[in-house]
Protein chains: 2
Amino acid sequence: MPDRLPPLTALRAFDAAARHMSFARAADELNVTPAALSFQIKSLEEHLGQPLFRRLNRAVELTEAGRTLAPGVEDAFQRLTRSWRATRRLHDTTTLSVTAGPAFTAKWMAPRLYEFAQAHPEIDLRFIASLRMMDFDRDEIDVAIRFGHGPDPGLYALPLAFEWLTPVMTPEMARRFPTPESLRKAPLIFDDSLDFLDPPCDWAAWFRAVGIDHAPEHGLRFSQADHAVDAALAGGGIVLGRRALVVKDLHEGRLVAPYGVALSTKAHFRFLCPRGAETRPHIAAFRDWILAEIGKTASVTEGLTIVPAEDVAPK
Amino acid sequence: MPDRLPPLTALRAFDAAARHMSFARAADELNVTPAALSFQIKSLEEHLGQPLFRRLNRAVELTEAGRTLAPGVEDAFQRLTRSWRATRRLHDTTTLSVTAGPAFTAKWMAPRLYEFAQAHPEIDLRFIASLRMMDFDRDEIDVAIRFGHGPDPGLYALPLAFEWLTPVMTPEMARRFPTPESLRKAPLIFDDSLDFLDPPCDWAAWFRAVGIDHAPEHGLRFSQADHAVDAALAGGGIVLGRRALVVKDLHEGRLVAPYGVALSTKAHFRFLCPRGAETRPHIAAFRDWILAEIGKTASVTEGLTIVPAEDVAPK
DNA sequence: ATGTTCGATTAAATAGAGCTTAACTGAACC
DNA sequence: GGTTCAGTTAAGCTCTATTTAATCGAACAT
């Protein structure tokens, strides 16, 4: 193996200098004096045999060689940092980073979080609400809660509960619309965040499940499920609510599900973490707590007729 | 920015140890004593707060943390090495690494290489014959010669010559088959390496170009163009030869192209290098030499009727 | 068994890489 | 025309990284 790497500290100095395009700021980032940094760069240039920076009056710019070297070095150090952080997180059982979509965060996690904090005061919970699928290492995430199905290679994936949708509304609203048939004239709320499901789980599908041929088009539309539920809570209409998002409101009487027919879907909320991480104590504790919380509300399914969405899929 | 990277030398030691799964061999690779390496690993484990290796009787194995850290670190150091080498190559004008397909290597480069070596004794030419598209940085290649067209973002691409195909054969063979029509009964040789071209440039297309409806199927087949030409040179038959591959044999009388009709194609041999590299002196010298060599044989096209392959494409 | 060998560890001593302080340069800004 | 800013240079110091040499423990050969 021919020419070996130059001193690594020099490469790190170059990385910082190239990112900041300034020796002073790079020195600052690395907590050294500009003199030290200047020295490192010079040493690197000697190892290479040609300059990496062109020294201008009051600034520096990369030479051809510098431009060749910088991207790879930057990338390499980023990877080192990422791996190192991921490894440190392994035995850090004091903080737990969880990401979930905004709806699950607002309607499921937020109302229950303080209970987890009480049960596990030793765990610092950090919550990142985002729909974007994240990289566990890059984004320093321990656990993700995502709605979906399908295989996730390399991940530990635990379905949290059997999921279904049923019309939910305030009790007053339920008095005004006592039967499914009466919903034809009701103010329906549309939750566009479920559009991606196949077979579809929309109002038309639910009406087919109760034997009604009706494909409503008009009403309030929300791109986030929690906003749709909030609108229903405010008495603004009737929404096809996902179990996980409405179970607490049903339990506590703020919402009711009067018709006894729910659409089931293959997608569920799932607990995801890197394979193997599920045995780390704080992650296991969080998972067990979620499962226990879900167990508490298992009874809401009682008395419901469950119709699989695929049975009422459009031809 | 929280926890910073540990000492980089320790990470490099870990990288080597994890790759070799042996402190002794890792120490050997880094040209240090096993003691030094042991020390580095220990220091890294202290920084991390937990062991990276499980020390067995006479071997080591990675712990969970070690397995988490190793792939990223390995990858990062590989990138560093790659970038560093690529940058070093920038001002190394003593060696030039060229890759080309086996046919171009055998039929174009090999017979001319010694002339280049004479003209540029200061340049050490390294030749890699392979059809596989290579990564300039990863494989430490300066120049690639490839047959094709289409855009190559980020690359400097220079078409080397207008390319065409015409039946070529030994002079004796030409006497036995004086006209295109007589080729119906001739021993045709098939060069399967051109199958990917669209529009096709096969025997059927050439026959259409001379107004003959004939789609031969049987004959010698070669997956590499140089073997097909070799077979023709040996008097084994008649092959549709690409200009670049047969021009030298035509020039020197070993082959003849008696029918005066050639099929042109949009694909040509191209000179490829990373954008910007074309100004480096030894690369420019090589490019200029290739262009000059091609210029020497420009006259072979004289007197040929060129028929674009797309004009005789099957409906 | 038992001695040998191999791979890792430890301790003490040492070389030198990498850092800091401090003084200097040169262009740009006011 | 002085001030400031960014980088450079030189001297000296600190502590990291390394070596040498001795130690340990298990495995292998005899």
# chains A, B, ... in the order shown; residues from 1 in each chain; ligands from 1
>>> residues_around(residues="Leu8 in chain A", least_positions_apart="6", cutoff="12 Å", atoms="only C-alpha atoms (C1' of nucleotides)", output="PyMOL selection string")
(chain A and resi 14-15+40-41+43-44+47+73+76-77) or (chain B and resi 6-13+77+80-81+84) or (chain C and resi 17-18)
>>> residues_around(residues="Thr99 in chain A", least_positions_apart="2", cutoff="8 Å", atoms="only C-alpha atoms (C1' of nucleotides)", output="PyMOL selection string")
chain A and resi 97+101+127-130+141+143-145
>>> write_last_selection(atoms="N, CA, C and O atoms", output="PDB file, in the first residue's frame")
ATOM      1  N   SER A  97     -34.173   9.872  22.315  1.00  0.00           N
ATOM      2  CA  SER A  97     -34.698  10.735  21.255  1.00  0.00           C
ATOM      3  C   SER A  97     -35.729   9.981  20.441  1.00  0.00           C
ATOM      4  O   SER A  97     -35.447   8.915  19.914  1.00  0.00           O
ATOM      5  N   GLY A 101     -44.740  11.452  13.779  1.00  0.00           N
ATOM      6  CA  GLY A 101     -45.417  12.446  12.965  1.00  0.00           C
ATOM      7  C   GLY A 101     -46.148  13.437  13.863  1.00  0.00           C
ATOM      8  O   GLY A 101     -46.376  13.171  15.041  1.00  0.00           O
ATOM      9  N   PHE A 127     -38.093  15.033  21.982  1.00  0.00           N
ATOM     10  CA  PHE A 127     -39.105  14.692  20.986  1.00  0.00           C
ATOM     11  C   PHE A 127     -38.934  15.481  19.708  1.00  0.00           C
ATOM     12  O   PHE A 127     -38.811  16.706  19.742  1.00  0.00           O
ATOM     13  N   ILE A 128     -38.915  14.788  18.571  1.00  0.00           N
ATOM     14  CA  ILE A 128     -38.772  15.455  17.278  1.00  0.00           C
ATOM     15  C   ILE A 128     -39.997  15.115  16.436  1.00  0.00           C
ATOM     16  O   ILE A 128     -40.141  13.986  15.964  1.00  0.00           O
ATOM     17  N   ALA A 129     -40.902  16.077  16.268  1.00  0.00           N
ATOM     18  CA  ALA A 129     -42.105  15.843  15.473  1.00  0.00           C
ATOM     19  C   ALA A 129     -41.807  16.168  14.026  1.00  0.00           C
ATOM     20  O   ALA A 129     -41.521  17.311  13.688  1.00  0.00           O
ATOM     21  N   SER A 130     -41.846  15.155  13.185  1.00  0.00           N
ATOM     22  CA  SER A 130     -41.577  15.387  11.774  1.00  0.00           C
ATOM     23  C   SER A 130     -42.078  14.193  10.998  1.00  0.00           C
ATOM     24  O   SER A 130     -41.975  13.056  11.446  1.00  0.00           O
ATOM     25  N   ILE A 141     -31.327   9.748  16.379  1.00  0.00           N
ATOM     26  CA  ILE A 141     -32.650   9.323  16.833  1.00  0.00           C
ATOM     27  C   ILE A 141     -32.517   7.931  17.440  1.00  0.00           C
ATOM     28  O   ILE A 141     -31.800   7.085  16.918  1.00  0.00           O
ATOM     29  N   VAL A 143     -35.577   6.227  18.596  1.00  0.00           N
ATOM     30  CA  VAL A 143     -36.832   5.535  18.319  1.00  0.00           C
ATOM     31  C   VAL A 143     -37.669   6.368  17.363  1.00  0.00           C
ATOM     32  O   VAL A 143     -37.691   7.598  17.467  1.00  0.00           O
ATOM     33  N   ALA A 144     -38.338   5.700  16.442  1.00  0.00           N
ATOM     34  CA  ALA A 144     -39.279   6.395  15.568  1.00  0.00           C
ATOM     35  C   ALA A 144     -40.645   5.722  15.688  1.00  0.00           C
ATOM     36  O   ALA A 144     -40.733   4.500  15.795  1.00  0.00           O
ATOM     37  N   ILE A 145     -41.688   6.514  15.720  1.00  0.00           N
ATOM     38  CA  ILE A 145     -43.052   5.973  15.653  1.00  0.00           C
ATOM     39  C   ILE A 145     -43.604   6.402  14.303  1.00  0.00           C
ATOM     40  O   ILE A 145     -43.678   7.603  14.013  1.00  0.00           O
TER      41      ILE A 145
END
>>> interface_residues(of="chain B", to="chain D", cutoff="8 Å", atoms="only C-alpha atoms (C1' of nucleotides)", output="list in words")
Val32, Thr33, Ala36, Asn57 and Arg58 of chain B
>>> interface_residues(of="chain C", to="chain A", cutoff="12 Å", atoms="only C-alpha atoms (C1' of nucleotides)", output="PDB file with N, CA, C and O atoms (P, O5', C5', C4', C3', O3' and C1' of nucleotides), in the first residue's frame")
ATOM      1  P    DA C  17       7.384  14.887  14.681  1.00  0.00           P
ATOM      2  O5'  DA C  17       5.792  14.820  14.548  1.00  0.00           O
ATOM      3  C5'  DA C  17       5.084  13.802  15.242  1.00  0.00           C
ATOM      4  C4'  DA C  17       3.926  14.401  16.029  1.00  0.00           C
ATOM      5  C3'  DA C  17       3.157  15.494  15.290  1.00  0.00           C
ATOM      6  O3'  DA C  17       1.782  15.284  15.539  1.00  0.00           O
ATOM      7  C1'  DA C  17       3.966  16.357  17.346  1.00  0.00           C
ATOM      8  P    DG C  18       0.708  16.172  14.800  1.00  0.00           P
ATOM      9  O5'  DG C  18       0.417  17.288  15.893  1.00  0.00           O
ATOM     10  C5'  DG C  18      -0.094  16.881  17.152  1.00  0.00           C
ATOM     11  C4'  DG C  18      -0.256  18.098  18.015  1.00  0.00           C
ATOM     12  C3'  DG C  18      -0.902  19.298  17.307  1.00  0.00           C
ATOM     13  O3'  DG C  18      -1.850  19.857  18.182  1.00  0.00           O
ATOM     14  C1'  DG C  18       1.091  19.955  18.304  1.00  0.00           C
ATOM     15  P    DC C  19      -2.867  20.960  17.738  1.00  0.00           P
ATOM     16  O5'  DC C  19      -2.627  22.076  18.854  1.00  0.00           O
ATOM     17  C5'  DC C  19      -2.691  21.697  20.221  1.00  0.00           C
ATOM     18  C4'  DC C  19      -1.973  22.722  21.055  1.00  0.00           C
ATOM     19  C3'  DC C  19      -2.342  24.164  20.702  1.00  0.00           C
ATOM     20  O3'  DC C  19      -3.183  24.710  21.711  1.00  0.00           O
ATOM     21  C1'  DC C  19       0.028  23.878  20.980  1.00  0.00           C
ATOM     22  P    DT C  20      -3.608  26.234  21.568  1.00  0.00           P
ATOM     23  O5'  DT C  20      -2.404  26.989  22.268  1.00  0.00           O
ATOM     24  C5'  DT C  20      -1.972  26.595  23.568  1.00  0.00           C
ATOM     25  C4'  DT C  20      -0.998  27.627  24.120  1.00  0.00           C
ATOM     26  C3'  DT C  20      -1.451  29.074  23.901  1.00  0.00           C
ATOM     27  O3'  DT C  20      -1.214  29.837  25.072  1.00  0.00           O
ATOM     28  C1'  DT C  20       0.674  28.714  22.888  1.00  0.00           C
ATOM     29  P    DT C  21      -1.872  31.317  25.126  1.00  0.00           P
ATOM     30  O5'  DT C  21      -0.591  32.220  25.321  1.00  0.00           O
ATOM     31  C5'  DT C  21       0.594  31.670  25.916  1.00  0.00           C
ATOM     32  C4'  DT C  21       1.805  32.497  25.519  1.00  0.00           C
ATOM     33  C3'  DT C  21       1.539  33.990  25.318  1.00  0.00           C
ATOM     34  O3'  DT C  21       2.598  34.729  25.916  1.00  0.00           O
ATOM     35  C1'  DT C  21       2.555  33.111  23.393  1.00  0.00           C
ATOM     36  P    DA C  22       2.453  36.287  26.108  1.00  0.00           P
ATOM     37  O5'  DA C  22       3.334  36.809  24.897  1.00  0.00           O
ATOM     38  C5'  DA C  22       4.580  36.169  24.612  1.00  0.00           C
ATOM     39  C4'  DA C  22       5.203  36.820  23.391  1.00  0.00           C
ATOM     40  C3'  DA C  22       4.726  38.249  23.141  1.00  0.00           C
ATOM     41  O3'  DA C  22       5.814  39.008  22.645  1.00  0.00           O
ATOM     42  C1'  DA C  22       4.299  36.984  21.246  1.00  0.00           C
ATOM     43  P    DT C  25       7.928  42.685  10.078  1.00  0.00           P
ATOM     44  O5'  DT C  25       6.776  42.242   9.088  1.00  0.00           O
ATOM     45  C5'  DT C  25       6.836  40.975   8.427  1.00  0.00           C
ATOM     46  C4'  DT C  25       5.648  40.874   7.485  1.00  0.00           C
ATOM     47  C3'  DT C  25       5.398  42.149   6.667  1.00  0.00           C
ATOM     48  O3'  DT C  25       5.215  41.797   5.309  1.00  0.00           O
ATOM     49  C1'  DT C  25       3.426  41.498   7.794  1.00  0.00           C
ATOM     50  P    DG C  26       5.424  42.868   4.171  1.00  0.00           P
ATOM     51  O5'  DG C  26       4.173  42.621   3.217  1.00  0.00           O
ATOM     52  C5'  DG C  26       3.254  41.580   3.498  1.00  0.00           C
ATOM     53  C4'  DG C  26       1.834  42.066   3.303  1.00  0.00           C
ATOM     54  C3'  DG C  26       1.678  43.422   2.590  1.00  0.00           C
ATOM     55  O3'  DG C  26       0.649  43.280   1.635  1.00  0.00           O
ATOM     56  C1'  DG C  26       0.497  43.448   4.611  1.00  0.00           C
ATOM     57  P    DA C  27       0.480  44.243   0.425  1.00  0.00           P
ATOM     58  O5'  DA C  27      -1.099  44.399   0.388  1.00  0.00           O
ATOM     59  C5'  DA C  27      -1.908  43.221   0.364  1.00  0.00           C
ATOM     60  C4'  DA C  27      -3.207  43.494   1.082  1.00  0.00           C
ATOM     61  C3'  DA C  27      -3.990  44.688   0.529  1.00  0.00           C
ATOM     62  O3'  DA C  27      -5.316  44.271   0.305  1.00  0.00           O
ATOM     63  C1'  DA C  27      -3.755  44.858   2.881  1.00  0.00           C
ATOM     64  P    DA C  28      -6.360  45.119  -0.475  1.00  0.00           P
ATOM     65  O5'  DA C  28      -7.354  45.572   0.680  1.00  0.00           O
ATOM     66  C5'  DA C  28      -8.038  44.561   1.413  1.00  0.00           C
ATOM     67  C4'  DA C  28      -8.772  45.210   2.570  1.00  0.00           C
ATOM     68  C3'  DA C  28      -9.676  46.379   2.158  1.00  0.00           C
ATOM     69  O3'  DA C  28     -10.853  46.316   2.952  1.00  0.00           O
ATOM     70  C1'  DA C  28      -8.133  47.103   3.764  1.00  0.00           C
ATOM     71  P    DC C  29     -12.245  46.881   2.412  1.00  0.00           P
ATOM     72  O5'  DC C  29     -12.807  47.656   3.671  1.00  0.00           O
ATOM     73  C5'  DC C  29     -12.596  47.100   4.975  1.00  0.00           C
ATOM     74  C4'  DC C  29     -12.396  48.220   5.970  1.00  0.00           C
ATOM     75  C3'  DC C  29     -13.283  49.448   5.734  1.00  0.00           C
ATOM     76  O3'  DC C  29     -14.095  49.639   6.875  1.00  0.00           O
ATOM     77  C1'  DC C  29     -11.038  50.060   6.200  1.00  0.00           C
TER      78       DC C  29
END
>>> closest_atom_pairs(of="chain B", to="chain A", cutoff="10 Å", atoms="only C-alpha atoms", output="JSON lines")
{"residue": "B:Met1", "atom": "CA", "partner": "A:Glu29", "partner_atom": "CA", "distance": 9.6}
{"residue": "B:Pro2", "atom": "CA", "partner": "A:Arg85", "partner_atom": "CA", "distance": 9.4}
{"residue": "B:Asp3", "atom": "CA", "partner": "A:Arg85", "partner_atom": "CA", "distance": 7.6}
{"residue": "B:Arg4", "atom": "CA", "partner": "A:Thr81", "partner_atom": "CA", "distance": 7.7}
{"residue": "B:Leu5", "atom": "CA", "partner": "A:Thr81", "partner_atom": "CA", "distance": 6.2}
{"residue": "B:Pro6", "atom": "CA", "partner": "A:Trp84", "partner_atom": "CA", "distance": 8.4}
{"residue": "B:Pro7", "atom": "CA", "partner": "A:Thr9", "partner_atom": "CA", "distance": 8.7}
{"residue": "B:Leu8", "atom": "CA", "partner": "A:Leu8", "partner_atom": "CA", "distance": 6.3}
{"residue": "B:Thr9", "atom": "CA", "partner": "A:Leu8", "partner_atom": "CA", "distance": 7.1}
{"residue": "B:Leu11", "atom": "CA", "partner": "A:Leu80", "partner_atom": "CA", "distance": 8.7}
{"residue": "B:Arg12", "atom": "CA", "partner": "A:Leu8", "partner_atom": "CA", "distance": 8.9}
{"residue": "B:Glu29", "atom": "CA", "partner": "A:Met1", "partner_atom": "CA", "distance": 9.6}
{"residue": "B:Leu30", "atom": "CA", "partner": "A:Arg4", "partner_atom": "CA", "distance": 9.4}
{"residue": "B:His47", "atom": "CA", "partner": "A:Arg88", "partner_atom": "CA", "distance": 9.3}
{"residue": "B:Leu48", "atom": "CA", "partner": "A:Arg88", "partner_atom": "CA", "distance": 6.2}
{"residue": "B:Gly49", "atom": "CA", "partner": "A:Arg88", "partner_atom": "CA", "distance": 8.0}
{"residue": "B:Gln50", "atom": "CA", "partner": "A:His91", "partner_atom": "CA", "distance": 7.8}
{"residue": "B:Leu52", "atom": "CA", "partner": "A:Thr87", "partner_atom": "CA", "distance": 9.7}
{"residue": "B:Glu64", "atom": "CA", "partner": "A:Leu90", "partner_atom": "CA", "distance": 8.5}
{"residue": "B:Ala65", "atom": "CA", "partner": "A:Thr87", "partner_atom": "CA", "distance": 5.7}
{"residue": "B:Gly66", "atom": "CA", "partner": "A:Thr87", "partner_atom": "CA", "distance": 7.9}
{"residue": "B:Arg67", "atom": "CA", "partner": "A:Thr87", "partner_atom": "CA", "distance": 8.9}
{"residue": "B:Thr68", "atom": "CA", "partner": "A:Thr87", "partner_atom": "CA", "distance": 5.9}
{"residue": "B:Leu69", "atom": "CA", "partner": "A:Ser83", "partner_atom": "CA", "distance": 5.5}
{"residue": "B:Ala70", "atom": "CA", "partner": "A:Ser83", "partner_atom": "CA", "distance": 8.1}
{"residue": "B:Pro71", "atom": "CA", "partner": "A:Ser83", "partner_atom": "CA", "distance": 8.2}
{"residue": "B:Gly72", "atom": "CA", "partner": "A:Ser83", "partner_atom": "CA", "distance": 5.4}
{"residue": "B:Val73", "atom": "CA", "partner": "A:Leu80", "partner_atom": "CA", "distance": 5.5}
{"residue": "B:Glu74", "atom": "CA", "partner": "A:Leu80", "partner_atom": "CA", "distance": 8.9}
{"residue": "B:Asp75", "atom": "CA", "partner": "A:Ala76", "partner_atom": "CA", "distance": 7.7}
{"residue": "B:Ala76", "atom": "CA", "partner": "A:Ala76", "partner_atom": "CA", "distance": 4.4}
{"residue": "B:Phe77", "atom": "CA", "partner": "A:Ala76", "partner_atom": "CA", "distance": 6.7}
{"residue": "B:Gln78", "atom": "CA", "partner": "A:Ala76", "partner_atom": "CA", "distance": 8.2}
{"residue": "B:Arg79", "atom": "CA", "partner": "A:Ala76", "partner_atom": "CA", "distance": 5.7}
{"residue": "B:Leu80", "atom": "CA", "partner": "A:Val73", "partner_atom": "CA", "distance": 5.5}
{"residue": "B:Thr81", "atom": "CA", "partner": "A:Leu5", "partner_atom": "CA", "distance": 6.2}
{"residue": "B:Arg82", "atom": "CA", "partner": "A:Gly72", "partner_atom": "CA", "distance": 7.8}
{"residue": "B:Ser83", "atom": "CA", "partner": "A:Gly72", "partner_atom": "CA", "distance": 5.4}
{"residue": "B:Trp84", "atom": "CA", "partner": "A:Leu69", "partner_atom": "CA", "distance": 6.3}
{"residue": "B:Arg85", "atom": "CA", "partner": "A:Asp3", "partner_atom": "CA", "distance": 7.6}
{"residue": "B:Ala86", "atom": "CA", "partner": "A:Thr68", "partner_atom": "CA", "distance": 7.4}
{"residue": "B:Thr87", "atom": "CA", "partner": "A:Ala65", "partner_atom": "CA", "distance": 5.7}
{"residue": "B:Arg88", "atom": "CA", "partner": "A:Leu48", "partner_atom": "CA", "distance": 6.2}
{"residue": "B:Arg89", "atom": "CA", "partner": "A:Ala65", "partner_atom": "CA", "distance": 9.5}
{"residue": "B:Leu90", "atom": "CA", "partner": "A:Ala65", "partner_atom": "CA", "distance": 6.9}
{"residue": "B:His91", "atom": "CA", "partner": "A:Gln50", "partner_atom": "CA", "distance": 7.9}
{"residue": "B:Asp92", "atom": "CA", "partner": "A:Gly49", "partner_atom": "CA", "distance": 9.7}
{"residue": "B:Gly276", "atom": "CA", "partner": "A:Glu64", "partner_atom": "CA", "distance": 9.0}
{"residue": "B:Ala277", "atom": "CA", "partner": "A:Glu64", "partner_atom": "CA", "distance": 9.9}
>>> select_by_dssp(residues="range 153-305 of chain B", states="strand (DSSP E)", output="CSV table (one decimal) with C-alpha atoms, in the first residue's frame")
chain,number,residue,atom,x,y,z
B,155,LEU,CA,-16.6,14.6,-17.0
B,156,TYR,CA,-14.6,16.0,-19.8
B,157,ALA,CA,-15.6,14.0,-22.8
B,158,LEU,CA,-13.9,14.3,-26.2
B,159,PRO,CA,-15.1,12.2,-29.1
B,164,TRP,CA,-18.3,3.7,-38.8
B,165,LEU,CA,-18.4,0.0,-39.6
B,166,THR,CA,-17.7,-1.8,-42.9
B,167,PRO,CA,-17.0,-5.4,-43.8
B,168,VAL,CA,-13.3,-6.2,-43.6
B,188,LEU,CA,-19.6,-14.0,-41.7
B,189,ILE,CA,-18.3,-13.2,-38.3
B,190,PHE,CA,-20.5,-11.7,-35.7
B,191,ASP,CA,-19.3,-9.2,-33.1
B,220,LEU,CA,-18.7,-17.4,-35.7
B,221,ARG,CA,-19.7,-15.2,-32.8
B,222,PHE,CA,-17.4,-13.3,-30.5
B,238,ILE,CA,-15.6,-11.4,-42.8
B,239,VAL,CA,-16.4,-9.1,-40.0
B,240,LEU,CA,-18.1,-5.8,-39.7
B,241,GLY,CA,-15.2,-3.9,-38.3
B,242,ARG,CA,-15.3,-0.6,-36.4
B,261,VAL,CA,-20.1,1.3,-48.0
B,262,ALA,CA,-19.9,1.9,-44.3
B,263,LEU,CA,-22.5,2.2,-41.6
B,264,SER,CA,-22.1,5.2,-39.4
B,268,HIS,CA,-17.7,6.8,-30.9
B,269,PHE,CA,-14.7,6.1,-28.8
B,270,ARG,CA,-14.3,9.0,-26.4
B,271,PHE,CA,-11.6,10.3,-24.3
B,272,LEU,CA,-12.9,10.8,-20.7
B,273,CYS,CA,-11.4,12.3,-17.7
B,274,PRO,CA,-12.6,14.3,-14.7
B,305,THR,CA,-20.1,6.0,-48.8
>>> select_by_dssp(residues="range 90-163 of chain B", states="helix (DSSP H, G or I)", output="list in words")
Leu90, Pro102, Ala103, Phe104, Thr105, Ala106, Lys107, Trp108, Met109, Ala110, Pro111, Arg112, Leu113, Tyr114, Glu115, Phe116, Ala117, Gln118 and Ala119 of chain B
>>> atom_distance(atom1="CA of Ala106 in chain A", atom2="CA of Pro308 in chain A")
26.7 Å
>>> residues_around(residues="range 122-124 of chain A", least_positions_apart="6", cutoff="12 Å", atoms="only C-alpha atoms (C1' of nucleotides)", output="PyMOL selection string")
chain A and resi 92-98+113-114+116+281-286
>>> write_last_selection(atoms="N, CA and C atoms", output="PDB file, in the first residue's frame")
ATOM      1  N   ASP A  92     -25.626   5.610  26.606  1.00  0.00           N
ATOM      2  CA  ASP A  92     -26.218   6.777  27.238  1.00  0.00           C
ATOM      3  C   ASP A  92     -27.686   6.463  27.487  1.00  0.00           C
ATOM      4  N   THR A  93     -28.011   6.076  28.705  1.00  0.00           N
ATOM      5  CA  THR A  93     -29.407   5.725  28.992  1.00  0.00           C
ATOM      6  C   THR A  93     -30.106   6.886  29.682  1.00  0.00           C
ATOM      7  N   THR A  94     -29.519   8.061  29.561  1.00  0.00           N
ATOM      8  CA  THR A  94     -30.176   9.185  30.226  1.00  0.00           C
ATOM      9  C   THR A  94     -31.052   9.981  29.271  1.00  0.00           C
ATOM     10  N   THR A  95     -30.705   9.941  27.970  1.00  0.00           N
ATOM     11  CA  THR A  95     -31.571  10.662  27.037  1.00  0.00           C
ATOM     12  C   THR A  95     -32.109   9.691  25.991  1.00  0.00           C
ATOM     13  N   LEU A  96     -33.316   9.947  25.593  1.00  0.00           N
ATOM     14  CA  LEU A  96     -33.985   9.096  24.614  1.00  0.00           C
ATOM     15  C   LEU A  96     -34.602  10.030  23.581  1.00  0.00           C
ATOM     16  N   SER A  97     -34.173   9.872  22.315  1.00  0.00           N
ATOM     17  CA  SER A  97     -34.698  10.735  21.255  1.00  0.00           C
ATOM     18  C   SER A  97     -35.729   9.981  20.441  1.00  0.00           C
ATOM     19  N   VAL A  98     -36.901  10.551  20.375  1.00  0.00           N
ATOM     20  CA  VAL A  98     -38.012   9.895  19.685  1.00  0.00           C
ATOM     21  C   VAL A  98     -38.529  10.818  18.604  1.00  0.00           C
ATOM     22  N   LEU A 113     -47.314  12.092  27.840  1.00  0.00           N
ATOM     23  CA  LEU A 113     -45.879  12.168  28.105  1.00  0.00           C
ATOM     24  C   LEU A 113     -45.552  12.394  29.570  1.00  0.00           C
ATOM     25  N   TYR A 114     -46.367  13.189  30.225  1.00  0.00           N
ATOM     26  CA  TYR A 114     -45.991  13.517  31.596  1.00  0.00           C
ATOM     27  C   TYR A 114     -46.054  12.266  32.473  1.00  0.00           C
ATOM     28  N   PHE A 116     -45.133   9.301  31.430  1.00  0.00           N
ATOM     29  CA  PHE A 116     -43.854   8.614  31.223  1.00  0.00           C
ATOM     30  C   PHE A 116     -42.750   9.300  32.019  1.00  0.00           C
ATOM     31  N   PRO A 281     -31.819  -0.612  27.792  1.00  0.00           N
ATOM     32  CA  PRO A 281     -32.827  -0.491  28.849  1.00  0.00           C
ATOM     33  C   PRO A 281     -33.806   0.665  28.670  1.00  0.00           C
ATOM     34  N   HIS A 282     -33.309   1.852  28.315  1.00  0.00           N
ATOM     35  CA  HIS A 282     -34.278   2.946  28.245  1.00  0.00           C
ATOM     36  C   HIS A 282     -35.188   2.821  27.036  1.00  0.00           C
ATOM     37  N   ILE A 283     -34.665   2.192  25.978  1.00  0.00           N
ATOM     38  CA  ILE A 283     -35.526   1.980  24.808  1.00  0.00           C
ATOM     39  C   ILE A 283     -36.581   0.939  25.123  1.00  0.00           C
ATOM     40  N   ALA A 284     -36.169  -0.140  25.784  1.00  0.00           N
ATOM     41  CA  ALA A 284     -37.133  -1.173  26.175  1.00  0.00           C
ATOM     42  C   ALA A 284     -38.179  -0.586  27.130  1.00  0.00           C
ATOM     43  N   ALA A 285     -37.731   0.259  28.037  1.00  0.00           N
ATOM     44  CA  ALA A 285     -38.668   0.861  28.990  1.00  0.00           C
ATOM     45  C   ALA A 285     -39.703   1.704  28.260  1.00  0.00           C
ATOM     46  N   PHE A 286     -39.240   2.463  27.262  1.00  0.00           N
ATOM     47  CA  PHE A 286     -40.164   3.318  26.518  1.00  0.00           C
ATOM     48  C   PHE A 286     -41.169   2.459  25.736  1.00  0.00           C
TER      49      PHE A 286
END
>>> atom_distance(atom1="CA of Glu181 in chain A", atom2="CA of Leu245 in chain A")
24.9 Å
>>> atom_distance(atom1="CA of Pro314 in chain B", atom2="CA of Ala205 in chain B")
7.9 Å
